[in-house]
$ cat entry.txt   # compact mmCIF, C-alpha atoms
# COMPACT_ATOMS: atom_id res chain seq x y z
CA MET A 15 0.00 0.00 0.00
CA SER A 16 1.22 3.46 -0.71
CA ALA A 17 1.59 5.58 2.38
CA ALA A 18 -1.16 8.02 3.22
CA PRO A 19 -0.22 11.72 2.93
CA VAL A 20 1.34 13.01 6.12
CA ARG A 21 -0.89 15.46 7.92
CA SER A 22 0.43 18.77 9.08
CA PRO A 23 0.97 18.96 12.84
CA THR A 24 -2.06 20.25 14.68
CA LEU A 25 -1.97 22.72 17.55
CA ARG A 26 -4.12 21.77 20.51
CA PRO A 27 -5.76 24.11 23.04
CA HIS A 28 -4.44 23.81 26.59
CA ARG A 29 -7.72 22.87 28.29
CA MET A 30 -11.26 22.25 27.14
CA LYS A 31 -14.42 21.59 29.09
CA LYS A 32 -15.99 18.13 28.72
CA GLU A 33 -19.35 19.49 27.69
CA GLU A 34 -18.00 21.42 24.69
CA SER A 35 -18.96 20.00 21.31
CA PHE A 36 -16.50 18.27 19.02
CA LEU A 37 -16.64 21.26 16.69
CA GLY A 38 -15.67 23.51 19.59
CA LYS A 39 -12.83 21.22 20.54
CA LEU A 40 -11.60 21.14 17.00
CA GLY A 41 -11.67 24.87 16.71
CA GLY A 42 -8.13 24.97 18.04
CA THR A 43 -6.85 23.40 14.86
CA LEU A 44 -7.30 26.74 13.13
CA ALA A 45 -4.84 28.42 15.46
CA ARG A 46 -2.05 27.89 12.99
CA LYS A 47 -3.98 29.75 10.29
CA LYS A 48 -6.41 32.06 11.95
CA LYS A 49 -6.31 34.71 14.59
CA ALA A 50 -7.63 34.06 18.09
CA LYS A 51 -10.91 35.77 17.31
CA GLU A 52 -11.55 33.50 14.33
CA VAL A 53 -10.91 30.47 16.49
CA SER A 54 -13.43 31.76 19.01
CA ASP A 55 -15.96 32.26 16.21
CA LEU A 56 -15.54 28.68 15.07
CA GLN A 57 -16.13 27.47 18.60
CA GLU A 58 -19.37 29.41 18.66
CA GLU A 59 -20.37 27.76 15.37
CA GLY A 60 -19.64 24.42 16.98
CA LYS A 61 -21.97 25.20 19.86
CA ASN A 62 -24.70 26.03 17.38
CA ALA A 63 -24.21 22.72 15.63
CA ILE A 64 -24.88 20.64 18.74
CA ASN A 65 -28.53 21.57 18.56
CA ALA A 66 -28.85 18.78 15.99
CA PRO A 67 -30.89 15.72 17.07
CA MET A 68 -27.74 13.73 17.87
CA ASN A 69 -24.78 14.94 19.86
CA PRO A 70 -21.96 15.21 17.30
CA SER A 71 -19.29 15.06 20.00
CA THR A 72 -19.26 11.28 19.54
CA LEU A 73 -18.49 11.49 15.82
CA ASP A 74 -15.13 10.13 14.78
CA ILE A 75 -13.76 12.68 12.32
CA HIS A 76 -10.44 14.38 11.84
CA PRO A 77 -10.08 18.01 12.91
CA GLU A 78 -9.36 19.10 9.35
CA ASP A 79 -12.84 17.93 8.36
CA THR A 80 -14.28 21.00 10.10
CA LEU A 81 -12.24 23.47 8.03
CA LEU A 82 -14.99 24.09 5.53
CA GLU A 83 -15.35 26.73 2.87
CA GLU A 84 -18.71 28.40 2.34
CA ASN A 85 -21.29 25.88 0.99
CA GLU A 86 -18.80 23.03 1.41
CA GLU A 87 -19.88 19.89 3.25
CA ARG A 88 -18.42 16.82 4.96
CA THR A 89 -20.12 13.51 5.71
CA MET A 90 -19.42 10.98 8.44
CA ILE A 91 -21.05 7.76 9.60
CA ASP A 92 -23.01 7.74 12.83
CA PRO A 93 -20.92 5.71 15.32
CA ASN A 94 -23.98 3.62 16.19
CA SER A 95 -24.27 2.53 12.56
CA LYS A 96 -20.63 1.45 12.57
CA GLU A 97 -21.48 -1.01 15.32
CA ASP A 98 -24.39 -2.53 13.41
CA PRO A 99 -23.66 -6.27 12.87
CA LYS A 100 -24.87 -6.19 9.26
CA PHE A 101 -22.65 -3.19 8.48
CA LYS A 102 -19.66 -4.97 9.99
CA GLU A 103 -20.51 -8.12 8.06
CA LEU A 104 -20.70 -6.17 4.79
CA ILE A 105 -17.22 -4.75 5.32
CA LYS A 106 -15.79 -8.15 6.28
CA VAL A 107 -17.33 -9.93 3.29
CA LEU A 108 -15.98 -7.29 0.88
CA ILE A 109 -12.49 -7.33 2.41
CA ASP A 110 -12.34 -11.13 2.27
CA TRP A 111 -13.52 -11.04 -1.36
CA ILE A 112 -10.87 -8.50 -2.39
CA ASN A 113 -8.16 -10.52 -0.68
CA ASP A 114 -9.33 -13.71 -2.40
CA VAL A 115 -9.31 -12.04 -5.82
CA LEU A 116 -5.86 -10.52 -5.29
CA VAL A 117 -4.23 -13.46 -3.52
CA GLU A 118 -1.80 -13.97 -6.43
CA GLU A 119 -0.79 -10.32 -6.22
CA ARG A 120 0.13 -10.85 -2.57
CA ILE A 121 -2.02 -7.87 -1.64
CA ILE A 122 -3.75 -7.97 1.73
CA VAL A 123 -6.43 -5.39 2.48
CA LYS A 124 -7.11 -4.76 6.16
CA GLN A 125 -8.98 -1.44 6.14
CA LEU A 126 -10.99 -0.26 3.15
CA GLU A 127 -10.49 3.48 3.59
CA GLU A 128 -6.74 3.32 4.13
CA ASP A 129 -5.98 0.65 1.55
CA LEU A 130 -8.17 1.69 -1.38
CA TYR A 131 -8.05 5.48 -1.43
CA ASP A 132 -4.93 5.85 -3.61
CA GLY A 133 -6.22 3.70 -6.49
CA GLN A 134 -3.52 1.02 -6.34
CA VAL A 135 -5.70 -1.80 -5.00
CA LEU A 136 -8.70 -0.72 -7.07
CA GLN A 137 -6.53 -0.86 -10.18
CA LYS A 138 -5.38 -4.41 -9.43
CA LEU A 139 -8.91 -5.49 -8.48
CA LEU A 140 -10.47 -4.20 -11.70
CA GLU A 141 -7.69 -5.63 -13.86
CA LYS A 142 -8.22 -9.05 -12.28
CA LEU A 143 -12.02 -8.98 -12.47
CA ALA A 144 -12.26 -7.57 -16.00
CA ASP A 145 -9.19 -9.44 -17.29
CA ARG A 146 -7.72 -6.31 -18.82
CA LYS A 147 -4.70 -4.10 -18.26
CA LEU A 148 -5.14 -0.43 -17.40
CA ASN A 149 -2.70 2.13 -18.73
CA VAL A 150 -1.69 3.70 -15.43
CA ALA A 151 1.49 4.13 -13.43
CA GLU A 152 2.06 1.18 -11.13
CA VAL A 153 3.12 3.20 -8.09
CA THR A 154 2.64 6.87 -7.39
CA GLN A 155 3.17 8.75 -4.13
CA SER A 156 1.95 12.24 -5.02
CA GLU A 157 -1.64 13.27 -4.49
CA ILE A 158 -1.90 14.43 -8.11
CA GLY A 159 -0.59 11.10 -9.37
CA GLN A 160 -2.95 9.15 -7.12
CA LYS A 161 -5.96 11.12 -8.32
CA GLN A 162 -4.93 10.69 -11.95
CA LYS A 163 -4.75 6.94 -11.41
CA LEU A 164 -8.11 6.96 -9.64
CA GLN A 165 -9.63 8.92 -12.52
CA THR A 166 -8.47 6.31 -15.03
CA VAL A 167 -9.64 3.41 -12.89
CA LEU A 168 -13.05 4.92 -12.16
CA GLU A 169 -13.62 5.81 -15.82
CA ALA A 170 -13.04 2.15 -16.66
CA VAL A 171 -15.47 1.13 -13.91
CA HIS A 172 -18.10 3.55 -15.16
CA ASP A 173 -17.79 2.24 -18.72
CA LEU A 174 -18.64 -1.22 -17.37
CA LEU A 175 -21.44 -0.27 -14.99
CA ARG A 176 -23.37 2.55 -16.68
CA PRO A 177 -24.80 0.40 -19.52
CA HIS A 178 -26.35 -1.83 -16.86
CA GLY A 179 -28.15 1.00 -15.09
CA TRP A 180 -25.92 1.41 -12.05
CA THR A 181 -26.18 4.76 -10.30
CA ILE A 182 -22.70 6.17 -9.72
CA LYS A 183 -22.46 7.20 -6.06
CA TRP A 184 -18.73 7.89 -5.88
CA ASN A 185 -16.09 10.05 -7.53
CA VAL A 186 -12.36 10.65 -7.44
CA ASP A 187 -12.53 13.14 -4.56
CA SER A 188 -14.73 10.97 -2.34
CA ILE A 189 -12.63 7.83 -2.85
CA HIS A 190 -9.33 9.69 -2.38
CA GLY A 191 -10.87 11.45 0.60
CA LYS A 192 -11.35 8.03 2.23
CA ASN A 193 -15.14 8.33 2.26
CA LEU A 194 -16.18 4.86 3.41
CA ILE A 195 -19.74 5.20 2.10
CA SER A 196 -18.48 5.94 -1.43
CA ILE A 197 -15.98 3.10 -1.27
CA LEU A 198 -18.67 0.65 -0.15
CA HIS A 199 -21.05 1.73 -2.93
CA LEU A 200 -18.26 1.15 -5.46
CA LEU A 201 -17.32 -2.29 -4.12
CA VAL A 202 -20.93 -3.48 -3.88
CA ALA A 203 -21.48 -2.48 -7.51
CA LEU A 204 -18.32 -4.31 -8.64
CA ALA A 205 -19.20 -7.42 -6.65
CA MET A 206 -22.67 -7.58 -8.16
CA HIS A 207 -21.55 -6.75 -11.70
CA PHE A 208 -18.88 -9.45 -11.73
CA ARG A 209 -21.11 -11.96 -9.91
CA ALA A 210 -18.70 -12.37 -7.05
CA PRO A 211 -19.00 -15.77 -5.33
CA ILE A 212 -20.07 -14.12 -2.08
CA ARG A 213 -23.32 -13.30 -0.38
CA LEU A 214 -23.65 -9.70 0.71
CA PRO A 215 -25.92 -9.02 3.69
CA GLU A 216 -29.19 -7.56 2.44
CA HIS A 217 -30.86 -4.31 3.46
CA VAL A 218 -27.78 -2.69 4.98
CA SER A 219 -28.32 1.00 5.77
CA VAL A 220 -26.36 3.51 7.82
CA GLN A 221 -27.10 6.85 9.38
CA VAL A 222 -24.90 9.56 7.89
CA VAL A 223 -24.26 12.97 9.46
CA VAL A 224 -23.78 15.76 6.94
CA VAL A 225 -21.98 18.93 8.10
CA ARG A 226 -22.39 21.97 5.84
CA LYS A 227 -21.21 25.54 6.08
CA ARG A 228 -23.95 28.06 5.31
CA GLU A 229 -23.48 31.80 5.77
CA GLY A 230 -20.49 31.17 7.98
CA LEU A 231 -22.28 28.72 10.27
CA LEU A 232 -21.82 24.96 10.49
CA GLN A 233 -25.09 23.04 10.15
CA THR A 234 -25.70 19.32 10.61
CA THR A 235 -28.35 17.07 9.09
CA HIS A 236 -28.89 13.33 9.31
CA VAL A 237 -29.74 11.07 6.38
CA THR A 238 -30.14 7.33 5.88
CA GLU A 239 -27.82 5.84 3.26
CA GLU A 240 -28.84 2.51 1.73
CA LEU A 241 -25.82 0.35 0.90
CA THR A 242 -27.50 -2.89 -0.15
CA THR A 243 -31.05 -3.96 -1.01
CA THR A 244 -31.77 -7.54 -2.01
CA THR A 245 -29.39 -9.64 -4.08
CA GLU A 246 -31.91 -9.92 -6.89
CA MET A 247 -32.53 -6.20 -7.11
CA MET A 248 -28.83 -5.42 -7.03
CA MET A 249 -28.26 -7.96 -9.79
CA GLY A 250 -30.81 -6.09 -11.88
CA ARG A 251 -33.31 -8.95 -11.97
CA PHE A 252 -36.39 -6.99 -11.09
CA GLU A 253 -38.94 -9.42 -12.51
CA ARG A 254 -40.87 -11.07 -9.72
CA ASP A 255 -42.14 -14.60 -9.73
CA ALA A 256 -44.37 -16.85 -7.67
CA PHE A 257 -41.68 -17.40 -5.06
CA ASP A 258 -41.30 -13.68 -4.41
CA THR A 259 -45.03 -13.53 -3.77
CA LEU A 260 -44.90 -16.67 -1.67
CA PHE A 261 -42.16 -15.36 0.60
CA ASP A 262 -43.62 -11.86 0.85
CA HIS A 263 -47.33 -12.53 1.20
CA ALA A 264 -47.94 -16.22 1.94
CA PRO A 265 -45.13 -17.54 4.15
CA ASP A 266 -47.65 -19.89 5.79
CA LYS A 267 -47.87 -21.82 2.51
CA LEU A 268 -44.11 -22.21 2.29
CA SER A 269 -44.11 -25.47 4.24
CA VAL A 270 -46.65 -26.95 1.81
CA VAL A 271 -44.43 -26.12 -1.17
CA LYS A 272 -41.33 -27.50 0.55
CA LYS A 273 -43.15 -30.73 1.44
CA SER A 274 -44.26 -31.21 -2.18
CA LEU A 275 -40.73 -30.68 -3.49
CA ILE A 276 -39.21 -33.00 -0.88
CA THR A 277 -41.66 -35.71 -1.92
CA PHE A 278 -40.72 -35.17 -5.57
CA VAL A 279 -36.95 -35.33 -5.13
CA ASN A 280 -37.07 -38.28 -2.73
CA LYS A 281 -39.14 -40.31 -5.19
CA HIS A 282 -36.06 -40.32 -7.42
CA LEU A 283 -33.16 -40.06 -4.97
CA ASN A 284 -34.50 -43.03 -3.01
CA LYS A 285 -33.43 -45.16 -5.98
CA LEU A 286 -29.85 -44.47 -4.84
CA ASN A 287 -30.78 -44.96 -1.18
CA LEU A 288 -30.58 -41.19 -0.62
CA GLU A 289 -33.14 -39.08 1.19
CA VAL A 290 -33.67 -35.35 1.61
CA THR A 291 -35.19 -33.76 4.70
CA GLU A 292 -33.80 -30.18 4.44
CA LEU A 293 -33.94 -28.56 1.01
CA GLU A 294 -31.77 -25.53 1.71
CA THR A 295 -28.86 -27.49 3.20
CA GLN A 296 -28.78 -30.84 1.41
CA PHE A 297 -28.66 -29.34 -2.09
CA ALA A 298 -26.10 -26.67 -1.19
CA ASP A 299 -23.04 -28.67 -2.25
CA GLY A 300 -24.55 -29.58 -5.63
CA VAL A 301 -24.06 -33.35 -5.31
CA TYR A 302 -27.75 -34.22 -4.99
CA LEU A 303 -28.59 -31.85 -7.86
CA VAL A 304 -26.15 -33.60 -10.19
CA LEU A 305 -27.35 -37.07 -9.17
CA LEU A 306 -30.98 -35.98 -9.46
CA MET A 307 -30.44 -34.76 -13.03
CA GLY A 308 -28.92 -38.11 -13.96
CA LEU A 309 -31.93 -39.92 -12.51
CA LEU A 310 -34.45 -37.64 -14.21
CA GLU A 311 -32.75 -37.87 -17.60
CA ASP A 312 -31.90 -41.56 -17.14
CA TYR A 313 -28.13 -41.46 -17.54
CA PHE A 314 -25.07 -42.03 -15.40
CA VAL A 315 -23.04 -38.95 -14.58
CA PRO A 316 -19.30 -39.78 -14.66
CA LEU A 317 -17.82 -39.15 -11.22
CA HIS A 318 -14.85 -37.26 -12.64
CA ASN A 319 -17.21 -34.50 -13.82
CA PHE A 320 -18.05 -33.32 -10.32
CA TYR A 321 -16.89 -33.49 -6.70
CA LEU A 322 -18.65 -36.30 -4.87
CA THR A 323 -17.44 -35.00 -1.49
CA PRO A 324 -16.80 -31.27 -2.05
CA GLU A 325 -14.92 -29.49 0.68
CA SER A 326 -14.34 -25.93 -0.54
CA PHE A 327 -16.79 -23.24 -1.59
CA ASP A 328 -15.39 -23.31 -5.14
CA GLN A 329 -15.92 -27.07 -5.43
CA LYS A 330 -19.55 -26.67 -4.35
CA VAL A 331 -20.09 -23.85 -6.85
CA HIS A 332 -18.58 -26.09 -9.54
CA ASN A 333 -21.07 -28.85 -8.72
CA VAL A 334 -24.11 -26.58 -8.78
CA SER A 335 -22.91 -24.91 -12.01
CA PHE A 336 -22.45 -28.34 -13.58
CA ALA A 337 -25.97 -29.33 -12.51
CA PHE A 338 -27.28 -26.15 -14.15
CA GLU A 339 -25.51 -27.14 -17.38
CA LEU A 340 -27.18 -30.56 -17.24
CA MET A 341 -30.54 -28.84 -16.78
CA GLN A 342 -29.97 -26.71 -19.85
CA ASP A 343 -28.88 -29.78 -21.80
CA GLY A 344 -32.19 -31.32 -20.78
CA GLY A 345 -34.13 -28.44 -22.33
CA LEU A 346 -34.68 -26.24 -19.28
CA LYS A 347 -33.95 -22.53 -19.35
CA LYS A 348 -30.89 -21.25 -17.50
CA PRO A 349 -31.90 -21.08 -13.81
CA LYS A 350 -32.67 -17.64 -12.48
CA ALA A 351 -30.71 -18.42 -9.32
CA ARG A 352 -26.95 -18.12 -9.15
CA PRO A 353 -24.92 -21.20 -8.17
CA GLU A 354 -23.38 -19.11 -5.39
CA ASP A 355 -26.83 -18.41 -3.95
CA VAL A 356 -27.64 -22.11 -3.73
CA VAL A 357 -24.27 -22.83 -2.10
CA ASN A 358 -24.89 -20.00 0.36
CA LEU A 359 -28.08 -21.73 1.56
CA ASP A 360 -30.48 -19.24 -0.02
CA LEU A 361 -33.80 -21.09 0.27
CA LYS A 362 -35.64 -19.06 -2.35
CA SER A 363 -32.94 -19.79 -4.95
CA THR A 364 -32.95 -23.51 -4.13
CA LEU A 365 -36.75 -23.67 -4.35
CA ARG A 366 -36.70 -21.98 -7.75
CA VAL A 367 -34.27 -24.55 -9.11
CA LEU A 368 -36.18 -27.53 -7.73
CA TYR A 369 -39.56 -26.18 -8.79
CA ASN A 370 -38.35 -25.93 -12.39
CA LEU A 371 -37.37 -29.59 -12.22
CA PHE A 372 -40.70 -30.47 -10.62
CA THR A 373 -42.62 -28.69 -13.37
CA LYS A 374 -40.90 -30.65 -16.14
CA TYR A 375 -40.37 -34.04 -14.52
CA LYS A 376 -43.27 -34.43 -12.06
CA ASN A 377 -44.89 -37.20 -14.10
CA ILE A 378 -41.73 -39.27 -14.47
CA GLU A 379 -41.66 -42.43 -12.38

$ encode --input "entry.txt" --output "structure tokens"
Amino acid sequence: MSAAPVRSPTLRPHRMKKEESFLGKLGGTLARKKKAKEVSDLQEEGKNAINAPMNPSTLDIHPEDTLLEENEERTMIDPNSKEDPKFKELIKVLIDWINDVLVEERIIVKQLEEDLYDGQVLQKLLEKLADRKLNVAEVTQSEIGQKQKLQTVLEAVHDLLRPHGWTIKWNVDSIHGKNLISILHLLVALAMHFRAPIRLPEHVSVQVVVVRKREGLLQTTHVTEELTTTTEMMMGRFERDAFDTLFDHAPDKLSVVKKSLITFVNKHLNKLNLEVTELETQFADGVYLVLLMGLLEDYFVPLHNFYLTPESFDQKVHNVSFAFELMQDGGLKKPKARPEDVVNLDLKSTLRVLYNLFTKYKNIE
């Protein structure tokens, strides 16, 4: 990772009262640039800002983030949102994904803001995902050079995403400024576009505090930022089917559907002395799907074509993908579900796959 720019030393006031707002406390950072009166004015602006619904003294921002020009604004995540389990899970899943993609590059990401802001990791990530080489300098230390690299990388990202209707919620300044919200929006879009073999937590939202300078005064507002919706919506598959309706409006009938599908699959798998009791778990490694297709189409599937005892996530995805290929060879349309969704125990995806088989093969003995 390239080193982050070194911040200028900050002067600190000798003593501050506990009840003073964070903006008041940070007023002292202007001492190196402004006269004492201007510092006092900023402290007064800070006191005005604490009238917001939430006490901003708990916000984790750098002092320089309060040095705003007229009409300029800064955003920061509400500390309570940072502690949300789904938010933490989203960050962990994305970091693990990046590290898996870049394992051959020997790049290890530990913190998104600090490791992605200069464009180096984003460049390598996009090159690996898109299987293309970007015409950028490999290493650059200067801020101008980093932003030029980011500009090139983000233009390439936009060329990929815009035709598919993605809303661009990031730019060079926000990424280089280590804005975590922008970085997360970018990574979620890339993960969905390239069908990453991961499952992002759904419906992740955070509270964001926006600080603006208006007529010389600092004002704060609070907004909710949606980072993920559902996997299907983020994948752009907005068409709804019977299973969407079933899950949303008739969950009481779900057990009836599951029982019917279990009866169907067991009628065939019992021929191999196999039995299913849990749809979402027993089909997740793809083995039963492959064997079921062989039984339904009346052929033997060579064991070297799939993993009979898969151990890794990739081996399970291979099995489910292979089963999908057999389904298409049998005349079925390509399943709406992703292999990764089935492996990740997504019940709705598994039901869709099995229901398609039920519809075509229900009369086969």

$ residues_around --input "entry.txt" --residues "range 214-222 of chain A" --least-positions-apart "2" --cutoff "6 Å" --atoms "all atoms listed in the file" --output "PyMOL selection string"
chain A and resi 90-92+95+236-244

$ atom_distance --input "entry.txt" --atom1 "CA of Lys362 in chain A" --atom2 "CA of Val279 in chain A"
16.6 Å

$ atom_distance --input "entry.txt" --atom1 "CA of Pro177 in chain A" --atom2 "CA of Leu140 in chain A"
17.0 Å

$ closest_residue --input "entry.txt" --among "A:Val223, A:Phe336, A:Leu116, A:Ile197" --to "Lys183 in chain A" --atoms "only C-alpha atoms"
A:Ile197

$ closest_residue --input "entry.txt" --among "A:Lys376, A:Lys350, A:Lys227, A:His190" --to "Glu87 in chain A" --atoms "only C-alpha atoms"
A:Lys227

$ closest_residue --input "entry.txt" --among "A:Glu83, A:Asp132, A:Asp110, A:Glu325" --to "Ser188 in chain A" --atoms "all atoms listed in the file"
A:Asp132

$ closest_residue --input "entry.txt" --among "A:Leu310, A:Leu201, A:Leu368, A:Ile378" --to "Ser274 in chain A" --atoms "all atoms listed in the file"
A:Leu368

$ closest_residue --input "entry.txt" --among "A:Val153, A:Ile212, A:Leu174, A:Leu286" --to "Glu103 in chain A" --atoms "only C-alpha atoms"
A:Ile212

$ closest_residue --input "entry.txt" --among "A:Ala205, A:Phe320, A:Asp360, A:Leu340" --to "Phe297 in chain A" --atoms "all atoms listed in the file"
A:Asp360

$ residues_around --input "entry.txt" --residues "range 298-301 of chain A" --least-positions-apart "5" --cutoff "8 Å" --atoms "all atoms listed in the file" --output "VMD selection string"
chain A and resid 320 to 324 329 to 334 337 356 to 359

$ write_last_selection --input "entry.txt" --atoms "C-alpha atoms" --output "PDB file, in the coordinates of the input"
ATOM      1  CA  PHE A 320     -18.050 -33.320 -10.320  1.00  0.00           C
ATOM      2  CA  TYR A 321     -16.890 -33.490  -6.700  1.00  0.00           C
ATOM      3  CA  LEU A 322     -18.650 -36.300  -4.870  1.00  0.00           C
ATOM      4  CA  THR A 323     -17.440 -35.000  -1.490  1.00  0.00           C
ATOM      5  CA  PRO A 324     -16.800 -31.270  -2.050  1.00  0.00           C
ATOM      6  CA  GLN A 329     -15.920 -27.070  -5.430  1.00  0.00           C
ATOM      7  CA  LYS A 330     -19.550 -26.670  -4.350  1.00  0.00           C
ATOM      8  CA  VAL A 331     -20.090 -23.850  -6.850  1.00  0.00           C
ATOM      9  CA  HIS A 332     -18.580 -26.090  -9.540  1.00  0.00           C
ATOM     10  CA  ASN A 333     -21.070 -28.850  -8.720  1.00  0.00           C
ATOM     11  CA  VAL A 334     -24.110 -26.580  -8.780  1.00  0.00           C
ATOM     12  CA  ALA A 337     -25.970 -29.330 -12.510  1.00  0.00           C
ATOM     13  CA  VAL A 356     -27.640 -22.110  -3.730  1.00  0.00           C
ATOM     14  CA  VAL A 357     -24.270 -22.830  -2.100  1.00  0.00           C
ATOM     15  CA  ASN A 358     -24.890 -20.000   0.360  1.00  0.00           C
ATOM     16  CA  LEU A 359     -28.080 -21.730   1.560  1.00  0.00           C
TER      17      LEU A 359
END

$ atom_distance --input "entry.txt" --atom1 "CA of Pro353 in chain A" --atom2 "CA of Val304 in chain A"
12.6 Å

$ residues_around --input "entry.txt" --residues "Arg209 in chain A" --least-positions-apart "2" --cutoff "10 Å" --atoms "all atoms listed in the file" --output "PyMOL selection string"
chain A and resi 143+203-207+211-213+249+352+354

$ write_last_selection --input "entry.txt" --atoms "C-alpha atoms" --output "PDB file, keeping the file's coordinate frame"
ATOM      1  CA  LEU A 143     -12.020  -8.980 -12.470  1.00  0.00           C
ATOM      2  CA  ALA A 203     -21.480  -2.480  -7.510  1.00  0.00           C
ATOM      3  CA  LEU A 204     -18.320  -4.310  -8.640  1.00  0.00           C
ATOM      4  CA  ALA A 205     -19.200  -7.420  -6.650  1.00  0.00           C
ATOM      5  CA  MET A 206     -22.670  -7.580  -8.160  1.00  0.00           C
ATOM      6  CA  HIS A 207     -21.550  -6.750 -11.700  1.00  0.00           C
ATOM      7  CA  PRO A 211     -19.000 -15.770  -5.330  1.00  0.00           C
ATOM      8  CA  ILE A 212     -20.070 -14.120  -2.080  1.00  0.00           C
ATOM      9  CA  ARG A 213     -23.320 -13.300  -0.380  1.00  0.00           C
ATOM     10  CA  MET A 249     -28.260  -7.960  -9.790  1.00  0.00           C
ATOM     11  CA  ARG A 352     -26.950 -18.120  -9.150  1.00  0.00           C
ATOM     12  CA  GLU A 354     -23.380 -19.110  -5.390  1.00  0.00           C
TER      13      GLU A 354
END

$ residues_near_point --input "entry.txt" --point "(-29.1, -36.8, -5.9)" --cutoff "8 Å" --atoms "all atoms listed in the file" --output "PDB file with C-alpha atoms, keeping the file's coordinate frame"
ATOM      1  CA  HIS A 282     -36.060 -40.320  -7.420  1.00  0.00           C
ATOM      2  CA  LEU A 283     -33.160 -40.060  -4.970  1.00  0.00           C
ATOM      3  CA  LEU A 286     -29.850 -44.470  -4.840  1.00  0.00           C
ATOM      4  CA  LEU A 288     -30.580 -41.190  -0.620  1.00  0.00           C
ATOM      5  CA  VAL A 301     -24.060 -33.350  -5.310  1.00  0.00           C
ATOM      6  CA  TYR A 302     -27.750 -34.220  -4.990  1.00  0.00           C
ATOM      7  CA  LEU A 303     -28.590 -31.850  -7.860  1.00  0.00           C
ATOM      8  CA  VAL A 304     -26.150 -33.600 -10.190  1.00  0.00           C
ATOM      9  CA  LEU A 305     -27.350 -37.070  -9.170  1.00  0.00           C
ATOM     10  CA  LEU A 306     -30.980 -35.980  -9.460  1.00  0.00           C
ATOM     11  CA  MET A 307     -30.440 -34.760 -13.030  1.00  0.00           C
ATOM     12  CA  LEU A 309     -31.930 -39.920 -12.510  1.00  0.00           C
TER      13      LEU A 309
END

$ residues_around --input "entry.txt" --residues "Asp187 in chain A" --least-positions-apart "2" --cutoff "12 Å" --atoms "all atoms listed in the file" --output "PDB file with C-alpha atoms, in the coordinates of the input"
ATOM      1  CA  ARG A  88     -18.420  16.820   4.960  1.00  0.00           C
ATOM      2  CA  TYR A 131      -8.050   5.480  -1.430  1.00  0.00           C
ATOM      3  CA  ASP A 132      -4.930   5.850  -3.610  1.00  0.00           C
ATOM      4  CA  GLY A 133      -6.220   3.700  -6.490  1.00  0.00           C
ATOM      5  CA  GLU A 157      -1.640  13.270  -4.490  1.00  0.00           C
ATOM      6  CA  ILE A 158      -1.900  14.430  -8.110  1.00  0.00           C
ATOM      7  CA  GLN A 160      -2.950   9.150  -7.120  1.00  0.00           C
ATOM      8  CA  LYS A 161      -5.960  11.120  -8.320  1.00  0.00           C
ATOM      9  CA  GLN A 162      -4.930  10.690 -11.950  1.00  0.00           C
ATOM     10  CA  LEU A 164      -8.110   6.960  -9.640  1.00  0.00           C
ATOM     11  CA  GLN A 165      -9.630   8.920 -12.520  1.00  0.00           C
ATOM     12  CA  LEU A 168     -13.050   4.920 -12.160  1.00  0.00           C
ATOM     13  CA  LYS A 183     -22.460   7.200  -6.060  1.00  0.00           C
ATOM     14  CA  TRP A 184     -18.730   7.890  -5.880  1.00  0.00           C
ATOM     15  CA  ASN A 185     -16.090  10.050  -7.530  1.00  0.00           C
ATOM     16  CA  ILE A 189     -12.630   7.830  -2.850  1.00  0.00           C
ATOM     17  CA  HIS A 190      -9.330   9.690  -2.380  1.00  0.00           C
ATOM     18  CA  GLY A 191     -10.870  11.450   0.600  1.00  0.00           C
ATOM     19  CA  LYS A 192     -11.350   8.030   2.230  1.00  0.00           C
ATOM     20  CA  ASN A 193     -15.140   8.330   2.260  1.00  0.00           C
ATOM     21  CA  SER A 196     -18.480   5.940  -1.430  1.00  0.00           C
ATOM     22  CA  ILE A 197     -15.980   3.100  -1.270  1.00  0.00           C
TER      23      ILE A 197
END
